[in-house]
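What follows is coords06.cif (mmCIF, N, CA and C atoms).
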data_protein
#
loop_
_atom_site.label_atom_id
_atom_site.label_comp_id
_atom_site.auth_asym_id
_atom_site.auth_seq_id
_atom_site.Cartn_x
_atom_site.Cartn_y
_atom_site.Cartn_z
N MET I 1 62.78 120.90 86.64
CA MET I 1 62.04 119.66 86.50
C MET I 1 62.60 118.58 87.41
N ALA I 2 63.92 118.50 87.48
CA ALA I 2 64.55 117.44 88.27
C ALA I 2 64.22 117.58 89.75
N VAL I 3 64.08 118.80 90.22
CA VAL I 3 63.79 119.02 91.64
C VAL I 3 62.31 118.84 91.92
N ARG I 4 61.48 119.36 91.07
CA ARG I 4 60.04 119.38 91.34
C ARG I 4 59.28 118.15 90.84
N MET I 5 59.97 117.21 90.26
CA MET I 5 59.27 116.06 89.69
C MET I 5 58.52 115.28 90.76
N ASN I 6 57.36 114.80 90.40
CA ASN I 6 56.57 113.98 91.30
C ASN I 6 57.12 112.57 91.24
N LEU I 7 57.55 112.07 92.36
CA LEU I 7 58.23 110.78 92.39
C LEU I 7 57.28 109.59 92.52
N TYR I 8 56.03 109.85 92.84
CA TYR I 8 55.05 108.77 92.99
C TYR I 8 55.57 107.64 93.88
N GLY I 9 56.15 108.02 95.00
CA GLY I 9 56.62 107.04 95.97
C GLY I 9 57.98 106.43 95.67
N LYS I 10 58.59 106.82 94.55
CA LYS I 10 59.91 106.28 94.20
C LYS I 10 61.00 107.08 94.89
N ALA I 11 62.04 106.42 95.27
CA ALA I 11 63.20 107.09 95.86
C ALA I 11 64.27 107.22 94.76
N LEU I 12 64.24 108.32 94.03
CA LEU I 12 65.21 108.53 92.96
C LEU I 12 66.40 109.33 93.46
N THR I 13 67.57 108.96 92.99
CA THR I 13 68.77 109.72 93.32
C THR I 13 68.74 111.02 92.52
N PRO I 14 69.54 112.01 92.93
CA PRO I 14 69.62 113.23 92.12
C PRO I 14 70.07 112.95 90.68
N ALA I 15 70.96 111.98 90.49
CA ALA I 15 71.41 111.65 89.14
C ALA I 15 70.26 111.08 88.31
N GLU I 16 69.42 110.26 88.91
CA GLU I 16 68.26 109.72 88.20
C GLU I 16 67.25 110.82 87.90
N ARG I 17 67.08 111.75 88.83
CA ARG I 17 66.19 112.88 88.59
C ARG I 17 66.68 113.69 87.39
N TRP I 18 68.00 113.97 87.38
CA TRP I 18 68.60 114.74 86.29
C TRP I 18 68.38 114.03 84.96
N GLN I 19 68.67 112.75 84.92
CA GLN I 19 68.53 111.98 83.68
C GLN I 19 67.09 112.00 83.17
N ASP I 20 66.16 111.82 84.06
CA ASP I 20 64.76 111.84 83.68
C ASP I 20 64.37 113.20 83.09
N ALA I 21 64.82 114.26 83.73
CA ALA I 21 64.48 115.62 83.27
C ALA I 21 65.08 115.92 81.90
N VAL I 22 66.37 115.61 81.69
CA VAL I 22 66.98 115.93 80.39
C VAL I 22 66.41 115.07 79.27
N GLN I 23 65.99 113.86 79.59
CA GLN I 23 65.36 113.03 78.56
C GLN I 23 64.02 113.62 78.13
N LYS I 24 63.32 114.22 79.08
CA LYS I 24 62.04 114.85 78.74
C LYS I 24 62.25 116.18 78.01
N LEU I 25 63.25 116.94 78.44
CA LEU I 25 63.51 118.24 77.81
C LEU I 25 64.13 118.12 76.43
N TYR I 26 65.00 117.14 76.25
CA TYR I 26 65.74 116.97 74.99
C TYR I 26 65.59 115.54 74.48
N PRO I 27 64.38 115.13 74.14
CA PRO I 27 64.14 113.73 73.78
C PRO I 27 64.93 113.24 72.56
N SER I 28 65.24 114.11 71.63
CA SER I 28 65.94 113.67 70.43
C SER I 28 67.33 114.27 70.32
N ALA I 29 67.84 114.85 71.40
CA ALA I 29 69.16 115.49 71.38
C ALA I 29 70.07 114.82 72.41
N LEU I 30 70.64 113.70 72.03
CA LEU I 30 71.50 112.94 72.93
C LEU I 30 72.69 113.76 73.45
N PRO I 31 73.35 114.58 72.61
CA PRO I 31 74.45 115.39 73.14
C PRO I 31 74.01 116.32 74.27
N ALA I 32 72.82 116.90 74.16
CA ALA I 32 72.31 117.78 75.22
C ALA I 32 72.06 116.99 76.50
N GLN I 33 71.60 115.76 76.35
CA GLN I 33 71.34 114.91 77.52
C GLN I 33 72.63 114.53 78.23
N LYS I 34 73.72 114.44 77.49
CA LYS I 34 74.97 113.94 78.06
C LYS I 34 75.94 115.02 78.53
N LYS I 35 75.56 116.29 78.41
CA LYS I 35 76.48 117.36 78.81
C LYS I 35 76.88 117.21 80.27
N ILE I 36 78.15 117.14 80.51
CA ILE I 36 78.68 116.89 81.84
C ILE I 36 78.62 118.12 82.74
N GLY I 37 78.89 119.30 82.19
CA GLY I 37 78.93 120.52 83.00
C GLY I 37 77.65 120.80 83.76
N PRO I 38 76.51 120.88 83.08
CA PRO I 38 75.26 121.16 83.79
C PRO I 38 74.90 120.06 84.78
N ARG I 39 75.13 118.82 84.40
CA ARG I 39 74.82 117.69 85.27
C ARG I 39 75.65 117.76 86.56
N ALA I 40 76.94 117.99 86.40
CA ALA I 40 77.82 118.07 87.57
C ALA I 40 77.47 119.27 88.44
N ALA I 41 77.05 120.37 87.82
CA ALA I 41 76.63 121.55 88.60
C ALA I 41 75.42 121.19 89.45
N PHE I 42 74.43 120.55 88.85
CA PHE I 42 73.23 120.15 89.59
C PHE I 42 73.57 119.17 90.71
N LEU I 43 74.34 118.15 90.38
CA LEU I 43 74.69 117.15 91.39
C LEU I 43 75.56 117.74 92.49
N GLY I 44 76.42 118.68 92.13
CA GLY I 44 77.25 119.35 93.13
C GLY I 44 76.43 120.15 94.11
N LEU I 45 75.41 120.83 93.61
CA LEU I 45 74.52 121.59 94.50
C LEU I 45 73.74 120.64 95.40
N CYS I 46 73.29 119.52 94.83
CA CYS I 46 72.59 118.52 95.64
C CYS I 46 73.52 117.96 96.71
N GLU I 47 74.73 117.65 96.31
CA GLU I 47 75.73 117.09 97.22
C GLU I 47 75.97 118.02 98.40
N ALA I 48 75.99 119.30 98.15
CA ALA I 48 76.25 120.29 99.19
C ALA I 48 75.01 120.57 100.04
N GLY I 49 73.89 119.94 99.71
CA GLY I 49 72.66 120.17 100.46
C GLY I 49 72.02 121.51 100.16
N LEU I 50 72.27 122.04 98.97
CA LEU I 50 71.78 123.36 98.61
C LEU I 50 70.49 123.35 97.80
N VAL I 51 69.99 122.16 97.44
CA VAL I 51 68.78 122.08 96.62
C VAL I 51 67.60 121.66 97.49
N LYS I 52 66.58 122.47 97.44
CA LYS I 52 65.37 122.25 98.25
C LYS I 52 64.80 120.84 98.02
N GLY I 53 64.58 120.13 99.12
CA GLY I 53 63.95 118.82 99.05
C GLY I 53 64.88 117.67 98.75
N ILE I 54 66.17 117.94 98.55
CA ILE I 54 67.13 116.87 98.28
C ILE I 54 68.20 116.89 99.37
N ALA I 55 68.30 115.79 100.08
CA ALA I 55 69.26 115.69 101.18
C ALA I 55 70.69 115.64 100.64
N ALA I 56 71.60 116.25 101.38
CA ALA I 56 73.01 116.23 101.02
C ALA I 56 73.51 114.79 100.98
N GLY I 57 74.49 114.56 100.16
CA GLY I 57 75.08 113.23 100.03
C GLY I 57 76.21 113.30 99.03
N GLU I 58 76.78 112.16 98.71
CA GLU I 58 77.86 112.14 97.73
C GLU I 58 77.30 111.68 96.40
N PHE I 59 77.27 112.59 95.43
CA PHE I 59 76.63 112.30 94.15
C PHE I 59 77.57 112.44 92.95
N VAL I 60 78.62 113.20 93.08
CA VAL I 60 79.56 113.40 91.98
C VAL I 60 80.94 113.65 92.59
N SER I 61 81.96 113.05 92.02
CA SER I 61 83.29 113.22 92.61
C SER I 61 84.26 113.81 91.61
N GLY I 62 85.19 114.57 92.14
CA GLY I 62 86.28 115.09 91.35
C GLY I 62 85.91 115.88 90.11
N ASN I 63 84.92 116.72 90.20
CA ASN I 63 84.52 117.51 89.04
C ASN I 63 84.48 118.98 89.42
N ARG I 64 85.23 119.79 88.72
CA ARG I 64 85.30 121.22 89.06
C ARG I 64 83.98 121.94 88.86
N ASN I 65 83.10 121.39 88.02
CA ASN I 65 81.82 122.03 87.77
C ASN I 65 80.95 122.09 89.01
N LYS I 66 81.05 121.09 89.87
CA LYS I 66 80.28 121.14 91.12
C LYS I 66 80.82 122.26 92.00
N ASP I 67 82.12 122.45 92.00
CA ASP I 67 82.72 123.53 92.78
C ASP I 67 82.30 124.89 92.23
N TYR I 68 82.27 125.01 90.91
CA TYR I 68 81.80 126.26 90.30
C TYR I 68 80.38 126.57 90.75
N ALA I 69 79.52 125.57 90.76
CA ALA I 69 78.11 125.77 91.12
C ALA I 69 77.96 126.22 92.57
N VAL I 70 78.68 125.57 93.46
CA VAL I 70 78.60 125.93 94.88
C VAL I 70 79.13 127.34 95.10
N GLU I 71 80.20 127.67 94.42
CA GLU I 71 80.76 129.03 94.53
C GLU I 71 79.79 130.06 93.97
N ALA I 72 79.10 129.72 92.89
CA ALA I 72 78.13 130.64 92.29
C ALA I 72 76.99 130.96 93.27
N VAL I 73 76.57 129.97 94.05
CA VAL I 73 75.53 130.22 95.06
C VAL I 73 76.03 131.24 96.08
N LYS I 74 77.27 131.13 96.47
CA LYS I 74 77.85 132.11 97.42
C LYS I 74 77.80 133.52 96.83
N LEU I 75 78.13 133.63 95.55
CA LEU I 75 78.11 134.94 94.89
C LEU I 75 76.69 135.48 94.78
N LEU I 76 75.73 134.61 94.49
CA LEU I 76 74.33 135.03 94.43
C LEU I 76 73.84 135.50 95.79
N ARG I 77 74.21 134.79 96.82
CA ARG I 77 73.82 135.18 98.17
C ARG I 77 74.42 136.52 98.57
N ALA I 78 75.64 136.75 98.13
CA ALA I 78 76.31 138.02 98.43
C ALA I 78 75.69 139.17 97.64
N GLY I 79 74.98 138.84 96.57
CA GLY I 79 74.35 139.87 95.75
C GLY I 79 75.31 140.58 94.81
N THR I 80 76.51 140.06 94.67
CA THR I 80 77.52 140.73 93.86
C THR I 80 77.48 140.32 92.39
N HIS I 81 76.89 139.18 92.11
CA HIS I 81 76.84 138.65 90.75
C HIS I 81 75.41 138.20 90.47
N LYS I 82 74.88 138.59 89.30
CA LYS I 82 73.47 138.29 89.03
C LYS I 82 73.20 137.67 87.68
N THR I 83 74.19 137.65 86.81
CA THR I 83 73.98 137.11 85.46
C THR I 83 74.92 135.92 85.24
N VAL I 84 74.62 135.16 84.21
CA VAL I 84 75.47 134.02 83.86
C VAL I 84 76.91 134.49 83.63
N THR I 85 77.07 135.55 82.88
CA THR I 85 78.40 136.07 82.56
C THR I 85 79.14 136.50 83.82
N GLN I 86 78.47 137.23 84.70
CA GLN I 86 79.09 137.68 85.94
C GLN I 86 79.46 136.49 86.83
N LEU I 87 78.55 135.54 86.95
CA LEU I 87 78.82 134.37 87.77
C LEU I 87 80.01 133.57 87.23
N TRP I 88 80.01 133.35 85.94
CA TRP I 88 81.09 132.56 85.34
C TRP I 88 82.44 133.24 85.55
N ALA I 89 82.49 134.54 85.35
CA ALA I 89 83.74 135.27 85.58
C ALA I 89 84.15 135.19 87.04
N GLY I 90 83.18 135.24 87.94
CA GLY I 90 83.47 135.17 89.36
C GLY I 90 83.97 133.82 89.82
N VAL I 91 83.36 132.75 89.34
CA VAL I 91 83.75 131.42 89.81
C VAL I 91 85.04 130.92 89.16
N THR I 92 85.39 131.47 88.01
CA THR I 92 86.62 131.05 87.33
C THR I 92 87.74 132.07 87.52
N ASP I 93 87.48 133.09 88.30
CA ASP I 93 88.45 134.17 88.51
C ASP I 93 88.95 134.74 87.18
N GLY I 94 88.04 134.81 86.19
CA GLY I 94 88.39 135.39 84.90
C GLY I 94 89.28 134.51 84.05
N ASP I 95 89.44 133.23 84.41
CA ASP I 95 90.28 132.30 83.65
C ASP I 95 89.68 132.09 82.27
N GLY I 96 90.32 132.59 81.25
CA GLY I 96 89.81 132.51 79.90
C GLY I 96 89.86 131.11 79.31
N THR I 97 90.56 130.18 79.96
CA THR I 97 90.65 128.83 79.42
C THR I 97 89.48 127.95 79.86
N ALA I 98 88.81 128.34 80.94
CA ALA I 98 87.65 127.58 81.42
C ALA I 98 86.46 127.88 80.51
N VAL I 99 85.79 126.84 80.05
CA VAL I 99 84.69 127.01 79.10
C VAL I 99 83.35 126.86 79.81
N HIS I 100 82.50 127.86 79.63
CA HIS I 100 81.15 127.78 80.21
C HIS I 100 80.32 126.81 79.40
N GLN I 101 79.70 125.85 80.08
CA GLN I 101 78.88 124.84 79.41
C GLN I 101 77.51 124.74 80.08
N SER I 102 76.95 125.88 80.38
CA SER I 102 75.60 125.99 80.98
C SER I 102 75.54 125.67 82.47
N GLN I 103 76.68 125.57 83.12
CA GLN I 103 76.68 125.34 84.56
C GLN I 103 75.95 126.45 85.31
N MET I 104 76.22 127.69 84.93
CA MET I 104 75.61 128.82 85.63
C MET I 104 74.12 128.95 85.29
N ASP I 105 73.73 128.45 84.13
CA ASP I 105 72.31 128.44 83.77
C ASP I 105 71.53 127.55 84.75
N VAL I 106 72.12 126.43 85.11
CA VAL I 106 71.49 125.52 86.08
C VAL I 106 71.36 126.22 87.43
N VAL I 107 72.45 126.84 87.87
CA VAL I 107 72.44 127.53 89.16
C VAL I 107 71.38 128.63 89.18
N LEU I 108 71.38 129.46 88.15
CA LEU I 108 70.42 130.57 88.09
C LEU I 108 68.97 130.08 88.00
N ALA I 109 68.73 129.02 87.26
CA ALA I 109 67.37 128.49 87.16
C ALA I 109 66.88 128.03 88.54
N LEU I 110 67.71 127.34 89.26
CA LEU I 110 67.32 126.90 90.61
C LEU I 110 67.14 128.10 91.53
N TRP I 111 68.04 129.05 91.45
CA TRP I 111 67.99 130.25 92.28
C TRP I 111 66.71 131.04 92.04
N LYS I 112 66.42 131.30 90.77
CA LYS I 112 65.25 132.12 90.40
C LYS I 112 63.93 131.43 90.73
N ASN I 113 63.94 130.12 90.83
CA ASN I 113 62.74 129.37 91.15
C ASN I 113 62.64 129.02 92.63
N GLY I 114 63.49 129.63 93.44
CA GLY I 114 63.44 129.43 94.88
C GLY I 114 63.78 128.02 95.32
N LEU I 115 64.63 127.35 94.57
CA LEU I 115 64.97 125.97 94.89
C LEU I 115 66.35 125.80 95.51
N ILE I 116 67.01 126.91 95.79
CA ILE I 116 68.27 126.89 96.52
C ILE I 116 67.96 127.22 97.98
N VAL I 117 68.46 126.39 98.89
CA VAL I 117 68.22 126.62 100.32
C VAL I 117 69.45 127.21 100.98
#

Spit out the file's structure as C-alpha cells when you get a sec.
Amino acid sequence: MAVRMNLYGKALTPAERWQDAVQKLYPSALPAQKKIGPRAAFLGLCEAGLVKGIAAGEFVSGNRNKDYAVEAVKLLRAGTHKTVTQLWAGVTDGDGTAVHQSQMDVVLALWKNGLIV
C-alpha cells in the first residue's frame, strides 16, 4: 500500500507513506502502527533505492532492521533464501538473540509484488 498509493500530486516521504498505510491497515491497533522493525525495514529499502518508484535518500538512521532488509534482498536475488524463516536466519547469521518483528514479511511482500528494483 505504501508504495502503490495514489499521491494525488502530493510529495510524500517514504515515512509518510508508511504511516498512511499502517493507519489504514490497522486503524484500531496502535501497537501495530508503531512497530519499529517493519517500518525500518521499509525505510531502509527505500533509502537504498530498492523500492520501485521511490528515489534513494536518507530516511532512517542507525537501525539494524534496515540492514537486515537490504541483506534479505541480496539473498532473494541469489535465490538461496525464499521464506521468512530462511531470510531471517540468513540476515542474522543464526543469532538466536535477534528477534524477528515482521521485517522479512515487509521484504517478501515487496519482492512478491514486483516492487523491488

Around the point (73.5, 121.2, 86.4) in the file's coordinates, collect all residues with an atom within 8 Å, using only N, CA and C atoms, and return them as a PyMOL selection string. chain I and resi 36-45+65+102-107

Selected residue, from I:Val51, I:Tyr26, I:Asp93, I:Glu16, that lies nearest to Ala109 of chain I when counting only C-alpha atoms: I:Val51

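Counting only C-alpha atoms and comparing I:Asn113, I:Thr80, I:Gln19, I:Gln101, the residue that lies closest to Lys52 of chain I is I:Asn113.
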
Evaluated on this file, the PyMOL selection byres (((chain I and resi 71 and name CA) around 12) and name CA) picks out some residues - which ones are they, written as JSON, numbers by chain? {"I": [41, 44, 45, 48, 50, 64, 65, 66, 67, 68, 69, 70, 72, 73, 74, 75, 76, 77, 78, 81, 87, 88, 89, 90, 91, 92, 93, 103, 104, 107]}

Please list, as a ChimeraX atom specification, the residues that have an atom at most 12 Å away from (68.4, 117.0, 98.6) in the coordinates of this file, counting only C-alpha atoms. /I:2-4,11-15,17,42-59,115-117

Mind checking DSSP for chain I and telling me the helix (DSSP H, G or I) residues as number ranges by chain? I: 14-25, 30-33, 36-47, 64-78, 84-91, 103-112

State, in Å with one decimal place, the distance from atom CA of Lys112 of chain I to atom CA of Ser28 of chain I. 27.2 Å

Could you jot down the atom N of Gly96 of chain I to atom CA of Gln33 of chain I separation for me, Å, one decimal place?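 Spanning atom N of Gly96 of chain I to atom CA of Gln33 of chain I is a straight-line distance of 26.2 Å.
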
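Distance-wise, atom C of His100 of chain I and atom C of Val84 of chain I end up 9.4 Å apart.
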